[in-house]
file structure_11.pdb (PDB, C-alpha atoms)
MODEL        1
ATOM      1  CA  MET A   1      11.249   7.635 -18.198
ATOM      2  CA  HIS A   2       8.092   9.036 -16.653
ATOM      3  CA  ALA A   3       4.808   8.666 -18.513
ATOM      4  CA  ILE A   4       3.444  11.678 -16.605
ATOM      5  CA  THR A   5       5.447  14.506 -15.079
ATOM      6  CA  ILE A   6       3.587  17.247 -13.214
ATOM      7  CA  LYS A   7       5.481  20.116 -11.590
ATOM      8  CA  ASP A   8       3.934  22.933  -9.549
ATOM      9  CA  LEU A   9       0.698  22.570 -11.508
ATOM     10  CA  SER A  10      -2.045  25.039 -10.593
ATOM     11  CA  LYS A  11      -5.459  25.806 -11.985
ATOM     12  CA  VAL A  12      -7.680  28.702 -10.949
ATOM     13  CA  TYR A  13     -10.997  28.999 -12.781
ATOM     14  CA  ALA A  14     -12.547  32.326 -13.781
ATOM     15  CA  ASN A  15     -14.925  32.227 -10.807
ATOM     16  CA  GLY A  16     -11.948  32.047  -8.438
ATOM     17  CA  THR A  17     -12.134  28.306  -7.696
ATOM     18  CA  GLU A  18      -8.635  26.975  -7.054
ATOM     19  CA  ALA A  19      -8.938  23.446  -8.440
ATOM     20  CA  LEU A  20      -5.219  22.533  -8.292
ATOM     21  CA  ARG A  21      -2.606  23.986  -5.952
ATOM     22  CA  ARG A  22       1.018  23.554  -7.040
ATOM     23  CA  VAL A  23       0.634  19.816  -7.597
ATOM     24  CA  ASN A  24       3.737  17.680  -8.104
ATOM     25  CA  LEU A  25       3.320  14.126  -9.338
ATOM     26  CA  ASP A  26       5.326  11.601 -11.379
ATOM     27  CA  VAL A  27       3.949   8.399 -12.880
ATOM     28  CA  ALA A  28       6.577   5.972 -14.162
ATOM     29  CA  ALA A  29       6.279   4.439 -17.628
ATOM     30  CA  GLY A  30       4.647   1.029 -17.327
ATOM     31  CA  ASP A  31       2.935   1.805 -14.020
ATOM     32  CA  PHE A  32      -0.704   1.093 -13.190
ATOM     33  CA  PHE A  33      -1.362   4.202 -11.105
ATOM     34  CA  GLY A  34      -4.434   5.086  -9.069
ATOM     35  CA  LEU A  35      -5.609   8.625  -8.344
ATOM     36  CA  ILE A  36      -7.997   8.680  -5.404
ATOM     37  CA  GLY A  37     -10.103  11.622  -4.328
ATOM     38  CA  ALA A  38     -13.612  12.712  -3.456
ATOM     39  CA  ASN A  39     -15.794  14.624  -5.897
ATOM     40  CA  GLY A  40     -14.326  18.093  -6.386
ATOM     41  CA  ALA A  41     -10.858  17.084  -5.208
ATOM     42  CA  GLY A  42      -9.224  18.018  -8.528
ATOM     43  CA  LYS A  43      -8.993  14.666 -10.338
ATOM     44  CA  THR A  44     -11.018  15.697 -13.385
ATOM     45  CA  THR A  45      -9.227  19.038 -13.688
ATOM     46  CA  MET A  46      -5.860  17.271 -13.646
ATOM     47  CA  ILE A  47      -6.993  14.857 -16.357
ATOM     48  CA  GLY A  48      -8.391  17.769 -18.356
ATOM     49  CA  ILE A  49      -4.996  19.492 -18.301
ATOM     50  CA  LEU A  50      -3.122  16.295 -19.185
ATOM     51  CA  THR A  51      -5.364  15.746 -22.201
ATOM     52  CA  GLY A  52      -5.313  19.363 -23.366
ATOM     53  CA  LEU A  53      -8.986  20.035 -22.625
ATOM     54  CA  VAL A  54      -8.298  22.407 -19.724
ATOM     55  CA  VAL A  55      -5.790  25.259 -19.817
ATOM     56  CA  LYS A  56      -3.478  25.302 -16.797
ATOM     57  CA  THR A  57      -2.877  28.484 -14.823
ATOM     58  CA  SER A  58       0.780  27.699 -14.096
ATOM     59  CA  GLY A  59       3.272  24.852 -13.797
ATOM     60  CA  GLU A  60       4.206  21.965 -16.102
ATOM     61  CA  ALA A  61       2.375  18.885 -17.364
ATOM     62  CA  ARG A  62       4.358  16.484 -19.541
ATOM     63  CA  ILE A  63       3.421  13.231 -21.277
ATOM     64  CA  PHE A  64       6.555  11.169 -21.966
ATOM     65  CA  ASP A  65       8.501  14.463 -21.769
ATOM     66  CA  HIS A  66       6.228  16.311 -24.227
ATOM     67  CA  GLU A  67       4.772  19.454 -22.614
ATOM     68  CA  ILE A  68       1.041  19.338 -23.258
ATOM     69  CA  ALA A  69       0.809  23.120 -23.676
ATOM     70  CA  THR A  70       3.772  23.643 -26.031
ATOM     71  CA  ASP A  71       3.958  20.253 -27.784
ATOM     72  CA  PRO A  72       0.309  19.142 -27.823
ATOM     73  CA  ILE A  73       0.323  17.087 -31.027
ATOM     74  CA  LYS A  74       3.066  14.705 -29.884
ATOM     75  CA  ALA A  75       1.693  14.582 -26.345
ATOM     76  CA  LYS A  76      -1.854  13.748 -27.441
ATOM     77  CA  LYS A  77      -0.679  10.963 -29.752
ATOM     78  CA  MET A  78       0.668   9.236 -26.652
ATOM     79  CA  ILE A  79      -2.682   9.319 -24.827
ATOM     80  CA  GLY A  80      -5.911   7.341 -24.967
ATOM     81  CA  VAL A  81      -8.729   8.710 -22.798
ATOM     82  CA  VAL A  82     -11.841   7.054 -21.406
ATOM     83  CA  PRO A  83     -13.908   9.875 -19.834
ATOM     84  CA  GLN A  84     -16.678   9.595 -17.267
ATOM     85  CA  GLU A  85     -19.433  10.641 -19.660
ATOM     86  CA  PHE A  86     -20.403   8.936 -22.910
ATOM     87  CA  ASN A  87     -19.290  11.343 -25.632
ATOM     88  CA  PHE A  88     -19.945   9.618 -28.960
ATOM     89  CA  SER A  89     -22.817   9.927 -31.415
ATOM     90  CA  ILE A  90     -25.649   7.675 -30.286
ATOM     91  CA  PHE A  91     -26.729   7.216 -33.916
ATOM     92  CA  GLU A  92     -23.317   6.128 -35.237
ATOM     93  CA  LYS A  93     -22.590   2.432 -35.588
ATOM     94  CA  VAL A  94     -20.206   0.802 -33.144
ATOM     95  CA  GLN A  95     -17.375  -0.041 -35.557
ATOM     96  CA  ASP A  96     -17.728   3.304 -37.339
ATOM     97  CA  ILE A  97     -17.113   5.130 -34.057
ATOM     98  CA  ILE A  98     -13.724   3.446 -33.726
ATOM     99  CA  ILE A  99     -12.768   3.883 -37.381
ATOM    100  CA  THR A 100     -13.695   7.584 -37.237
ATOM    101  CA  GLN A 101     -11.526   8.016 -34.127
ATOM    102  CA  ALA A 102      -8.599   6.364 -35.913
ATOM    103  CA  GLY A 103      -8.937   8.864 -38.743
ATOM    104  CA  TYR A 104      -8.163  11.716 -36.347
ATOM    105  CA  TYR A 105      -4.719  10.171 -35.927
ATOM    106  CA  GLY A 106      -4.136   9.721 -39.650
ATOM    107  CA  ILE A 107      -4.652   5.953 -39.587
ATOM    108  CA  PRO A 108      -5.784   4.637 -43.009
ATOM    109  CA  ARG A 109      -9.315   3.254 -43.060
ATOM    110  CA  GLU A 110      -8.279  -0.294 -43.986
ATOM    111  CA  VAL A 111      -5.800  -0.369 -41.097
ATOM    112  CA  ALA A 112      -8.395   1.085 -38.734
ATOM    113  CA  ALA A 113     -10.975  -1.493 -39.805
ATOM    114  CA  LYS A 114      -8.585  -4.330 -38.987
ATOM    115  CA  GLU A 115      -7.594  -2.818 -35.646
ATOM    116  CA  SER A 116     -11.217  -2.122 -34.724
ATOM    117  CA  GLU A 117     -12.112  -5.752 -35.409
ATOM    118  CA  SER A 118      -9.362  -6.920 -33.054
ATOM    119  CA  LEU A 119     -10.443  -4.518 -30.311
ATOM    120  CA  LEU A 120     -14.148  -5.264 -30.605
ATOM    121  CA  LYS A 121     -13.541  -8.999 -30.457
ATOM    122  CA  ARG A 122     -11.302  -8.649 -27.411
ATOM    123  CA  LEU A 123     -13.927  -6.505 -25.666
ATOM    124  CA  GLU A 124     -16.781  -8.812 -26.705
ATOM    125  CA  LEU A 125     -18.503  -6.224 -28.919
ATOM    126  CA  TRP A 126     -17.863  -7.681 -32.377
ATOM    127  CA  GLU A 127     -21.408  -8.979 -32.728
ATOM    128  CA  LYS A 128     -22.645  -5.413 -32.113
ATOM    129  CA  ARG A 129     -20.347  -3.821 -34.710
ATOM    130  CA  SER A 130     -23.206  -2.759 -37.030
ATOM    131  CA  VAL A 131     -25.572  -1.627 -34.279
ATOM    132  CA  GLN A 132     -26.153   2.041 -33.481
ATOM    133  CA  SER A 133     -24.452   2.836 -30.188
ATOM    134  CA  ARG A 134     -27.722   3.997 -28.624
ATOM    135  CA  MET A 135     -28.798   0.332 -28.610
ATOM    136  CA  LEU A 136     -25.929  -0.741 -26.347
ATOM    137  CA  SER A 137     -26.198  -1.352 -22.618
ATOM    138  CA  GLY A 138     -24.260   0.890 -20.234
ATOM    139  CA  GLY A 139     -21.516  -1.698 -19.813
ATOM    140  CA  MET A 140     -21.158  -2.126 -23.563
ATOM    141  CA  LYS A 141     -20.862   1.626 -24.014
ATOM    142  CA  ARG A 142     -18.036   1.680 -21.463
ATOM    143  CA  ARG A 143     -16.204  -1.044 -23.360
ATOM    144  CA  LEU A 144     -16.779   0.808 -26.625
ATOM    145  CA  MET A 145     -15.071   3.873 -25.162
ATOM    146  CA  ILE A 146     -12.096   1.752 -24.127
ATOM    147  CA  ALA A 147     -11.851   0.333 -27.660
ATOM    148  CA  ARG A 148     -12.039   3.838 -29.128
ATOM    149  CA  ALA A 149      -9.308   5.077 -26.775
ATOM    150  CA  LEU A 150      -6.971   2.252 -27.819
ATOM    151  CA  VAL A 151      -7.360   2.317 -31.605
ATOM    152  CA  HIS A 152      -4.218   4.432 -32.149
ATOM    153  CA  LYS A 153      -2.196   2.247 -29.721
ATOM    154  CA  PRO A 154      -1.374   4.896 -27.111
ATOM    155  CA  LYS A 155       1.435   4.458 -24.599
ATOM    156  CA  LEU A 156      -0.691   6.007 -21.828
ATOM    157  CA  LEU A 157      -4.322   5.147 -21.100
ATOM    158  CA  ILE A 158      -6.251   7.512 -18.824
ATOM    159  CA  LEU A 159      -9.389   6.038 -17.275
ATOM    160  CA  ASP A 160     -11.774   8.393 -15.470
ATOM    161  CA  GLU A 161     -14.299   6.248 -13.559
ATOM    162  CA  PRO A 162     -14.291   3.583 -16.319
ATOM    163  CA  THR A 163     -16.541   1.050 -14.584
ATOM    164  CA  ALA A 164     -19.244   3.392 -13.268
ATOM    165  CA  GLY A 165     -22.608   1.766 -13.858
ATOM    166  CA  VAL A 166     -21.072  -1.543 -14.960
ATOM    167  CA  ASP A 167     -22.329  -4.720 -13.294
ATOM    168  CA  VAL A 168     -19.968  -6.836 -11.204
ATOM    169  CA  GLU A 169     -19.373  -9.573 -13.797
ATOM    170  CA  LEU A 170     -18.513  -7.113 -16.569
ATOM    171  CA  ARG A 171     -16.359  -5.101 -14.188
ATOM    172  CA  HIS A 172     -14.203  -8.134 -13.434
ATOM    173  CA  GLY A 173     -13.834  -8.804 -17.167
ATOM    174  CA  MET A 174     -12.706  -5.223 -17.726
ATOM    175  CA  TRP A 175     -10.217  -5.494 -14.875
ATOM    176  CA  ASP A 176      -8.660  -8.552 -16.505
ATOM    177  CA  TYR A 177      -8.410  -6.765 -19.852
ATOM    178  CA  LEU A 178      -6.840  -3.641 -18.325
ATOM    179  CA  GLN A 179      -4.305  -5.689 -16.372
ATOM    180  CA  ASP A 180      -3.377  -7.515 -19.581
ATOM    181  CA  LEU A 181      -2.858  -4.161 -21.342
ATOM    182  CA  ASN A 182      -0.604  -3.018 -18.527
ATOM    183  CA  ARG A 183       1.460  -6.204 -18.748
ATOM    184  CA  GLN A 184       1.950  -5.400 -22.437
ATOM    185  CA  GLY A 185       3.586  -2.100 -21.445
ATOM    186  CA  VAL A 186       0.699   0.377 -21.540
ATOM    187  CA  THR A 187       0.872   2.862 -18.662
ATOM    188  CA  ILE A 188      -2.523   3.300 -17.019
ATOM    189  CA  LEU A 189      -3.799   6.176 -14.873
ATOM    190  CA  LEU A 190      -7.032   5.229 -13.130
ATOM    191  CA  THR A 191      -9.473   7.334 -11.146
ATOM    192  CA  THR A 192     -12.334   5.467  -9.546
ATOM    193  CA  HIS A 193     -14.784   5.455  -6.662
ATOM    194  CA  TYR A 194     -14.504   1.666  -6.480
ATOM    195  CA  LEU A 195     -11.446   1.585  -4.270
ATOM    196  CA  GLU A 196     -11.252  -2.195  -4.476
ATOM    197  CA  GLU A 197     -10.144  -1.563  -8.076
ATOM    198  CA  ILE A 198      -7.169   0.433  -6.801
ATOM    199  CA  GLU A 199      -6.313  -2.261  -4.276
ATOM    200  CA  ARG A 200      -6.608  -5.062  -6.824
ATOM    201  CA  MET A 201      -4.985  -3.510  -9.908
ATOM    202  CA  CYS A 202      -2.767  -0.539  -9.100
ATOM    203  CA  LYS A 203       0.886  -0.695  -8.151
ATOM    204  CA  ASN A 204       1.085   2.876  -6.872
ATOM    205  CA  ALA A 205      -1.458   5.513  -5.918
ATOM    206  CA  ALA A 206      -1.871   9.098  -4.781
ATOM    207  CA  ILE A 207      -4.626  10.709  -2.751
ATOM    208  CA  ILE A 208      -5.755  14.184  -3.755
ATOM    209  CA  LYS A 209      -7.784  16.529  -1.536
ATOM    210  CA  ASN A 210      -8.797  20.127  -2.225
ATOM    211  CA  GLY A 211      -6.458  20.319  -5.203
ATOM    212  CA  GLU A 212      -3.391  19.016  -3.373
ATOM    213  CA  ILE A 213      -1.647  15.638  -3.342
ATOM    214  CA  ILE A 214      -1.650  14.691   0.328
ATOM    215  CA  THR A 215       0.127  11.336   0.010
ATOM    216  CA  LYS A 216       1.668   9.098  -2.647
ATOM    217  CA  ASP A 217       3.124   5.621  -2.225
ATOM    218  CA  SER A 218       2.849   2.040  -3.371
ATOM    219  CA  VAL A 219      -0.606   0.611  -2.755
ATOM    220  CA  LYS A 220       0.944  -2.009  -0.465
ATOM    221  CA  ASN A 221       2.589   0.674   1.674
ATOM    222  CA  LEU A 222      -0.576   2.763   1.781
ATOM    223  CA  ILE A 223      -2.518  -0.224   3.069
ATOM    224  CA  ARG A 224       0.112  -0.801   5.760
ATOM    225  CA  LEU A 225      -0.545   2.731   7.072
ATOM    226  CA  TRP A 226      -3.992   1.595   8.162
ATOM    227  CA  ASP A 227      -3.423   0.374  11.714
ATOM    228  CA  LYS A 228      -6.532  -1.784  11.965
ATOM    229  CA  GLU A 229      -7.897  -4.742  10.054
ATOM    230  CA  THR A 230     -11.549  -5.761  10.125
ATOM    231  CA  PHE A 231     -12.784  -9.342  10.239
ATOM    232  CA  VAL A 232     -16.288 -10.730   9.890
ATOM    233  CA  LEU A 233     -17.185 -13.498  12.349
ATOM    234  CA  THR A 234     -20.007 -16.009  12.216
ATOM    235  CA  ILE A 235     -20.537 -17.500  15.652
ATOM    236  CA  LYS A 236     -22.470 -20.607  16.692
ATOM    237  CA  GLU A 237     -24.549 -18.986  19.427
ATOM    238  CA  ASP A 238     -26.341 -15.645  19.197
ATOM    239  CA  LYS A 239     -24.352 -14.209  22.084
ATOM    240  CA  PRO A 240     -23.326 -10.573  22.654
ATOM    241  CA  LEU A 241     -19.617  -9.879  22.274
ATOM    242  CA  GLY A 242     -19.583  -6.850  24.557
ATOM    243  CA  ARG A 243     -17.058  -8.488  26.881
ATOM    244  CA  ILE A 244     -14.332  -8.279  24.212
ATOM    245  CA  GLN A 245     -14.538  -4.497  23.728
ATOM    246  CA  ARG A 246     -10.845  -4.296  22.831
ATOM    247  CA  PHE A 247     -11.845  -5.696  19.411
ATOM    248  CA  ASN A 248     -14.625  -3.108  18.943
ATOM    249  CA  PRO A 249     -17.342  -5.680  18.101
ATOM    250  CA  LYS A 250     -20.308  -4.579  15.968
ATOM    251  CA  LYS A 251     -23.312  -6.796  15.269
ATOM    252  CA  ILE A 252     -24.135  -7.119  11.544
ATOM    253  CA  ASP A 253     -26.827  -9.796  11.586
ATOM    254  CA  ASP A 254     -27.938 -12.775  13.662
ATOM    255  CA  ASN A 255     -24.756 -14.560  14.730
ATOM    256  CA  VAL A 256     -22.637 -12.288  12.470
ATOM    257  CA  TRP A 257     -20.232  -9.689  13.907
ATOM    258  CA  GLU A 258     -17.477  -7.344  12.775
ATOM    259  CA  VAL A 259     -14.348  -7.024  14.898
ATOM    260  CA  GLU A 260     -11.173  -4.970  14.515
ATOM    261  CA  LEU A 261      -7.606  -6.061  15.158
ATOM    262  CA  SER A 262      -5.144  -3.261  15.868
ATOM    263  CA  LYS A 263      -1.445  -3.408  15.099
ATOM    264  CA  GLY A 264       0.262  -5.959  17.283
ATOM    265  CA  GLU A 265      -2.874  -8.042  17.735
ATOM    266  CA  THR A 266      -3.225 -11.435  16.077
ATOM    267  CA  LEU A 267      -6.046 -13.786  15.221
ATOM    268  CA  ASN A 268      -4.854 -15.961  18.106
ATOM    269  CA  ASP A 269      -5.572 -13.054  20.469
ATOM    270  CA  LEU A 270      -9.095 -12.802  19.043
ATOM    271  CA  LEU A 271      -9.698 -16.545  19.288
ATOM    272  CA  ALA A 272      -8.490 -16.530  22.890
ATOM    273  CA  GLY A 273     -10.889 -13.703  23.696
ATOM    274  CA  LEU A 274     -13.819 -15.575  22.149
ATOM    275  CA  SER A 275     -12.878 -18.701  24.064
ATOM    276  CA  GLU A 276     -12.822 -16.785  27.367
ATOM    277  CA  ILE A 277     -16.471 -15.723  26.928
ATOM    278  CA  GLY A 278     -17.581 -19.149  25.724
ATOM    279  CA  VAL A 279     -18.255 -18.292  22.073
ATOM    280  CA  SER A 280     -17.802 -20.954  19.364
ATOM    281  CA  LEU A 281     -16.566 -19.700  16.011
ATOM    282  CA  VAL A 282     -18.165 -21.031  12.799
ATOM    283  CA  ASP A 283     -16.411 -18.839  10.213
ATOM    284  CA  ILE A 284     -13.984 -15.924  10.011
ATOM    285  CA  ARG A 285     -12.949 -13.852   7.001
ATOM    286  CA  PRO A 286     -11.220 -10.508   6.383
ATOM    287  CA  GLN A 287     -13.640  -7.766   5.429
ATOM    288  CA  GLY A 288     -11.316  -6.173   2.848
ATOM    289  CA  HIS A 289     -11.714  -2.594   1.584
ATOM    290  CA  ARG A 290      -8.727  -1.554   3.726
ATOM    291  CA  LEU A 291      -7.736   1.101   1.223
ATOM    292  CA  GLU A 292     -11.155   2.727   1.488
ATOM    293  CA  LYS A 293     -10.821   2.929   5.263
ATOM    294  CA  LEU A 294      -7.327   4.346   4.897
ATOM    295  CA  PHE A 295      -8.648   6.954   2.451
ATOM    296  CA  LEU A 296     -11.360   8.070   4.859
ATOM    297  CA  ASN A 297      -8.898   8.066   7.771
ATOM    298  CA  ILE A 298      -6.383  10.258   5.893
ATOM    299  CA  LEU A 299      -9.107  12.696   4.832
ATOM    300  CA  LYS A 300     -10.231  13.090   8.449
ATOM    301  CA  LYS A 301      -6.696  13.829   9.642
ATOM    302  CA  SER A 302      -5.670  16.210   6.846
TER     303      SER A 302
ENDMDL
END
call {"tool": "encode", "arguments": {"input": "structure_11.pdb", "output": "structure tokens"}}
result
Amino acid sequence: MHAITIKDLSKVYANGTEALRRVNLDVAAGDFFGLIGANGAGKTTMIGILTGLVVKTSGEARIFDHEIATDPIKAKKMIGVVPQEFNFSIFEKVQDIIITQAGYYGIPREVAAKESESLLKRLELWEKRSVQSRMLSGGMKRRLMIARALVHKPKLLILDEPTAGVDVELRHGMWDYLQDLNRQGVTILLTTHYLEEIERMCKNAAIIKNGEIITKDSVKNLIRLWDKETFVLTIKEDKPLGRIQRFNPKKIDDNVWEVELSKGETLNDLLAGLSEIGVSLVDIRPQGHRLEKLFLNILKKS
């Protein structure tokens, strides 16, 4: 079964802006799926339609085979949403925010209290349970929104830029928690500007541009489409590497360079080139962020 089924989905706003153009997209149940796109590409509009906050112009949007427009109650019970913006009362206490959210789904207060305790402990917010939410840091507020989205135990979790403004240490903790949720069977749809999150966590991904899906594949296959890989070199001598132009060398700092290996080239080819110009290598490491480069490359070509 598909967690999300989108067929010929279009959205034209009153001012004439065509936000989505006959989009087709399936997300399998149990997937950890990434949706990549620049600002204004259509990501937020798509999420708005899937969650019933935006009215589609035409097409279909189904959550576990429940059409969001004609069967909204069943569809919405399947979904937990973590939006970009904080949208809870800043004067309400942390645990009360979760218990109130549970009430919207008909969950008895005593059950909600127990579930909220479990969620807050797992997300390291239990000690803040009686604090007004305005007193939380940005990272804590993000984790509070995740807890709120999960209180009714949805089958699909939609995350719209969930780690924006969160420091690196907290971001890694959230990644671990989200991956654990996915292993438990929760389908996750993630939009993010931190493309290393897509590369680390997602199994499959789609790239959206100007309201259209321009490619969809496994993350591994998408990365393979990028025909170059970047390495960072630390060399012993502060020598120019202009004589190995085939590797497109770029100086980053004293004795530190970036080089690119195209398809068919190996590290042995690079090491041979360095040896020919008398350069001693101290350290070499892959730069990473290949998915980000692929994203930019696809956008340029499309």
call {"tool": "residues_near_point", "arguments": {"input": "structure_11.pdb", "point": "(-15.3, 5.9, -8.9)", "cutoff": "8 Å", "atoms": "all atoms listed in the file", "output": "mmCIF file with C-alpha atoms, in the frame of the given file"}}
result
data_model
loop_
_atom_site.group_PDB
_atom_site.id
_atom_site.type_symbol
_atom_site.label_atom_id
_atom_site.label_comp_id
_atom_site.auth_asym_id
_atom_site.auth_seq_id
_atom_site.Cartn_x
_atom_site.Cartn_y
_atom_site.Cartn_z
ATOM 1 C CA ASP A 160 -11.774 8.393 -15.470
ATOM 2 C CA GLU A 161 -14.299 6.248 -13.559
ATOM 3 C CA PRO A 162 -14.291 3.583 -16.319
ATOM 4 C CA THR A 163 -16.541 1.050 -14.584
ATOM 5 C CA ALA A 164 -19.244 3.392 -13.268
ATOM 6 C CA THR A 191 -9.473 7.334 -11.146
ATOM 7 C CA THR A 192 -12.334 5.467 -9.546
ATOM 8 C CA HIS A 193 -14.784 5.455 -6.662
ATOM 9 C CA TYR A 194 -14.504 1.666 -6.480
ATOM 10 C CA LEU A 195 -11.446 1.585 -4.270
#
call {"tool": "resolve_selection", "arguments": {"input": "structure_11.pdb", "expression": "the PyMOL selection byres ((chain A and resi 248) around 6)", "output": "PyMOL selection string"}}
result
chain A and resi 245-247+249+259-260
call {"tool": "closest_residue", "arguments": {"input": "structure_11.pdb", "among": "A:Tyr13, A:Phe32, A:Phe295, A:Phe231", "to": "Met201 (chain A)", "atoms": "only C-alpha atoms"}}
result
A:Phe32
call {"tool": "residues_around", "arguments": {"input": "structure_11.pdb", "residues": "Glu92 (chain A)", "least_positions_apart": "5", "cutoff": "9 Å", "atoms": "only C-alpha atoms", "output": "list in words"}}
result
Ile97, Val131, Gln132, Ser133 and Arg134 of chain A
call {"tool": "resolve_selection", "arguments": {"input": "structure_11.pdb", "expression": "the PyMOL selection byres ((chain A and resi 124) around 12)", "output": "list in words"}}
result
Ser116, Glu117, Ser118, Leu119, Leu120, Lys121, Arg122, Leu123, Leu125, Trp126, Glu127, Lys128, Arg129, Gly139, Met140, Lys141, Arg142, Arg143, Leu144, Ile146, Ala147, Leu170, Gly173, Met174 and Tyr177 of chain A
call {"tool": "atom_distance", "arguments": {"input": "structure_11.pdb", "atom1": "CA of Ile98 (chain A)", "atom2": "CA of Val54 (chain A)"}}
result
24.2 Å
call {"tool": "closest_residue", "arguments": {"input": "structure_11.pdb", "among": "A:Met78, A:Leu294, A:Ile207, A:Val219", "to": "Gly42 (chain A)", "atoms": "all atoms listed in the file"}}
result
A:Ile207
call {"tool": "atom_distance", "arguments": {"input": "structure_11.pdb", "atom1": "CA of Val232 (chain A)", "atom2": "CA of Ile252 (chain A)"}}
result
8.8 Å
call {"tool": "atom_distance", "arguments": {"input": "structure_11.pdb", "atom1": "CA of Phe64 (chain A)", "atom2": "CA of Glu197 (chain A)"}}
result
25.2 Å
call {"tool": "resolve_selection", "arguments": {"input": "structure_11.pdb", "expression": "the PyMOL selection byres ((chain A and resi 82) around 6)", "output": "number ranges by chain"}}
result
A: 81, 83, 145-146, 159
call {"tool": "residues_around", "arguments": {"input": "structure_11.pdb", "residues": "region 265-272 of chain A", "least_positions_apart": "4", "cutoff": "12 Å", "atoms": "all atoms listed in the file", "output": "VMD selection string"}}
result
chain A and resid 227 to 233 235 241 243 to 249 258 to 261 276 to 286
call {"tool": "write_last_selection", "arguments": {"input": "structure_11.pdb", "atoms": "C-alpha atoms", "output": "mmCIF file, in the frame of the given file"}}
result
data_model
loop_
_atom_site.group_PDB
_atom_site.id
_atom_site.type_symbol
_atom_site.label_atom_id
_atom_site.label_comp_id
_atom_site.auth_asym_id
_atom_site.auth_seq_id
_atom_site.Cartn_x
_atom_site.Cartn_y
_atom_site.Cartn_z
ATOM 1 C CA ASP A 227 -3.423 0.374 11.714
ATOM 2 C CA LYS A 228 -6.532 -1.784 11.965
ATOM 3 C CA GLU A 229 -7.897 -4.742 10.054
ATOM 4 C CA THR A 230 -11.549 -5.761 10.125
ATOM 5 C CA PHE A 231 -12.784 -9.342 10.239
ATOM 6 C CA VAL A 232 -16.288 -10.730 9.890
ATOM 7 C CA LEU A 233 -17.185 -13.498 12.349
ATOM 8 C CA ILE A 235 -20.537 -17.500 15.652
ATOM 9 C CA LEU A 241 -19.617 -9.879 22.274
ATOM 10 C CA ARG A 243 -17.058 -8.488 26.881
ATOM 11 C CA ILE A 244 -14.332 -8.279 24.212
ATOM 12 C CA GLN A 245 -14.538 -4.497 23.728
ATOM 13 C CA ARG A 246 -10.845 -4.296 22.831
ATOM 14 C CA PHE A 247 -11.845 -5.696 19.411
ATOM 15 C CA ASN A 248 -14.625 -3.108 18.943
ATOM 16 C CA PRO A 249 -17.342 -5.680 18.101
ATOM 17 C CA GLU A 258 -17.477 -7.344 12.775
ATOM 18 C CA VAL A 259 -14.348 -7.024 14.898
ATOM 19 C CA GLU A 260 -11.173 -4.970 14.515
ATOM 20 C CA LEU A 261 -7.606 -6.061 15.158
ATOM 21 C CA GLU A 276 -12.822 -16.785 27.367
ATOM 22 C CA ILE A 277 -16.471 -15.723 26.928
ATOM 23 C CA GLY A 278 -17.581 -19.149 25.724
ATOM 24 C CA VAL A 279 -18.255 -18.292 22.073
ATOM 25 C CA SER A 280 -17.802 -20.954 19.364
ATOM 26 C CA LEU A 281 -16.566 -19.700 16.011
ATOM 27 C CA VAL A 282 -18.165 -21.031 12.799
ATOM 28 C CA ASP A 283 -16.411 -18.839 10.213
ATOM 29 C CA ILE A 284 -13.984 -15.924 10.011
ATOM 30 C CA ARG A 285 -12.949 -13.852 7.001
ATOM 31 C CA PRO A 286 -11.220 -10.508 6.383
#
call {"tool": "decode", "arguments": {"input": "structure_11.pdb", "residues": "region 225-234 of chain A", "atoms": "N, CA and C atoms", "output": "mmCIF file, in the first residue's frame"}}
result
data_model
loop_
_atom_site.group_PDB
_atom_site.id
_atom_site.type_symbol
_atom_site.label_atom_id
_atom_site.label_comp_id
_atom_site.auth_asym_id
_atom_site.auth_seq_id
_atom_site.Cartn_x
_atom_site.Cartn_y
_atom_site.Cartn_z
ATOM 1 N N LEU A 225 23.934 9.529 -10.133
ATOM 2 C CA LEU A 225 23.788 10.376 -11.322
ATOM 3 C C LEU A 225 24.822 11.489 -11.351
ATOM 4 N N TRP A 226 25.331 11.857 -10.187
ATOM 5 C CA TRP A 226 26.360 12.892 -10.129
ATOM 6 C C TRP A 226 27.678 12.285 -10.596
ATOM 7 N N ASP A 227 28.234 12.820 -11.684
ATOM 8 C CA ASP A 227 29.370 12.169 -12.332
ATOM 9 C C ASP A 227 30.721 12.615 -11.784
ATOM 10 N N LYS A 228 30.703 13.376 -10.691
ATOM 11 C CA LYS A 228 31.974 13.796 -10.104
ATOM 12 C C LYS A 228 31.906 13.632 -8.587
ATOM 13 N N GLU A 229 33.063 13.356 -7.999
ATOM 14 C CA GLU A 229 33.142 13.294 -6.547
ATOM 15 C C GLU A 229 34.304 14.171 -6.090
ATOM 16 N N THR A 230 34.041 14.969 -5.060
ATOM 17 C CA THR A 230 35.021 15.936 -4.580
ATOM 18 C C THR A 230 35.767 15.396 -3.365
ATOM 19 N N PHE A 231 37.073 15.604 -3.371
ATOM 20 C CA PHE A 231 37.916 15.226 -2.241
ATOM 21 C C PHE A 231 38.674 16.445 -1.738
ATOM 22 N N VAL A 232 38.928 16.454 -0.439
ATOM 23 C CA VAL A 232 39.721 17.513 0.176
ATOM 24 C C VAL A 232 41.096 16.944 0.505
ATOM 25 N N LEU A 233 42.146 17.615 0.005
ATOM 26 C CA LEU A 233 43.515 17.165 0.205
ATOM 27 C C LEU A 233 44.250 18.110 1.152
ATOM 28 N N THR A 234 45.034 17.545 2.036
ATOM 29 C CA THR A 234 46.015 18.328 2.792
ATOM 30 C C THR A 234 47.383 17.851 2.332
#
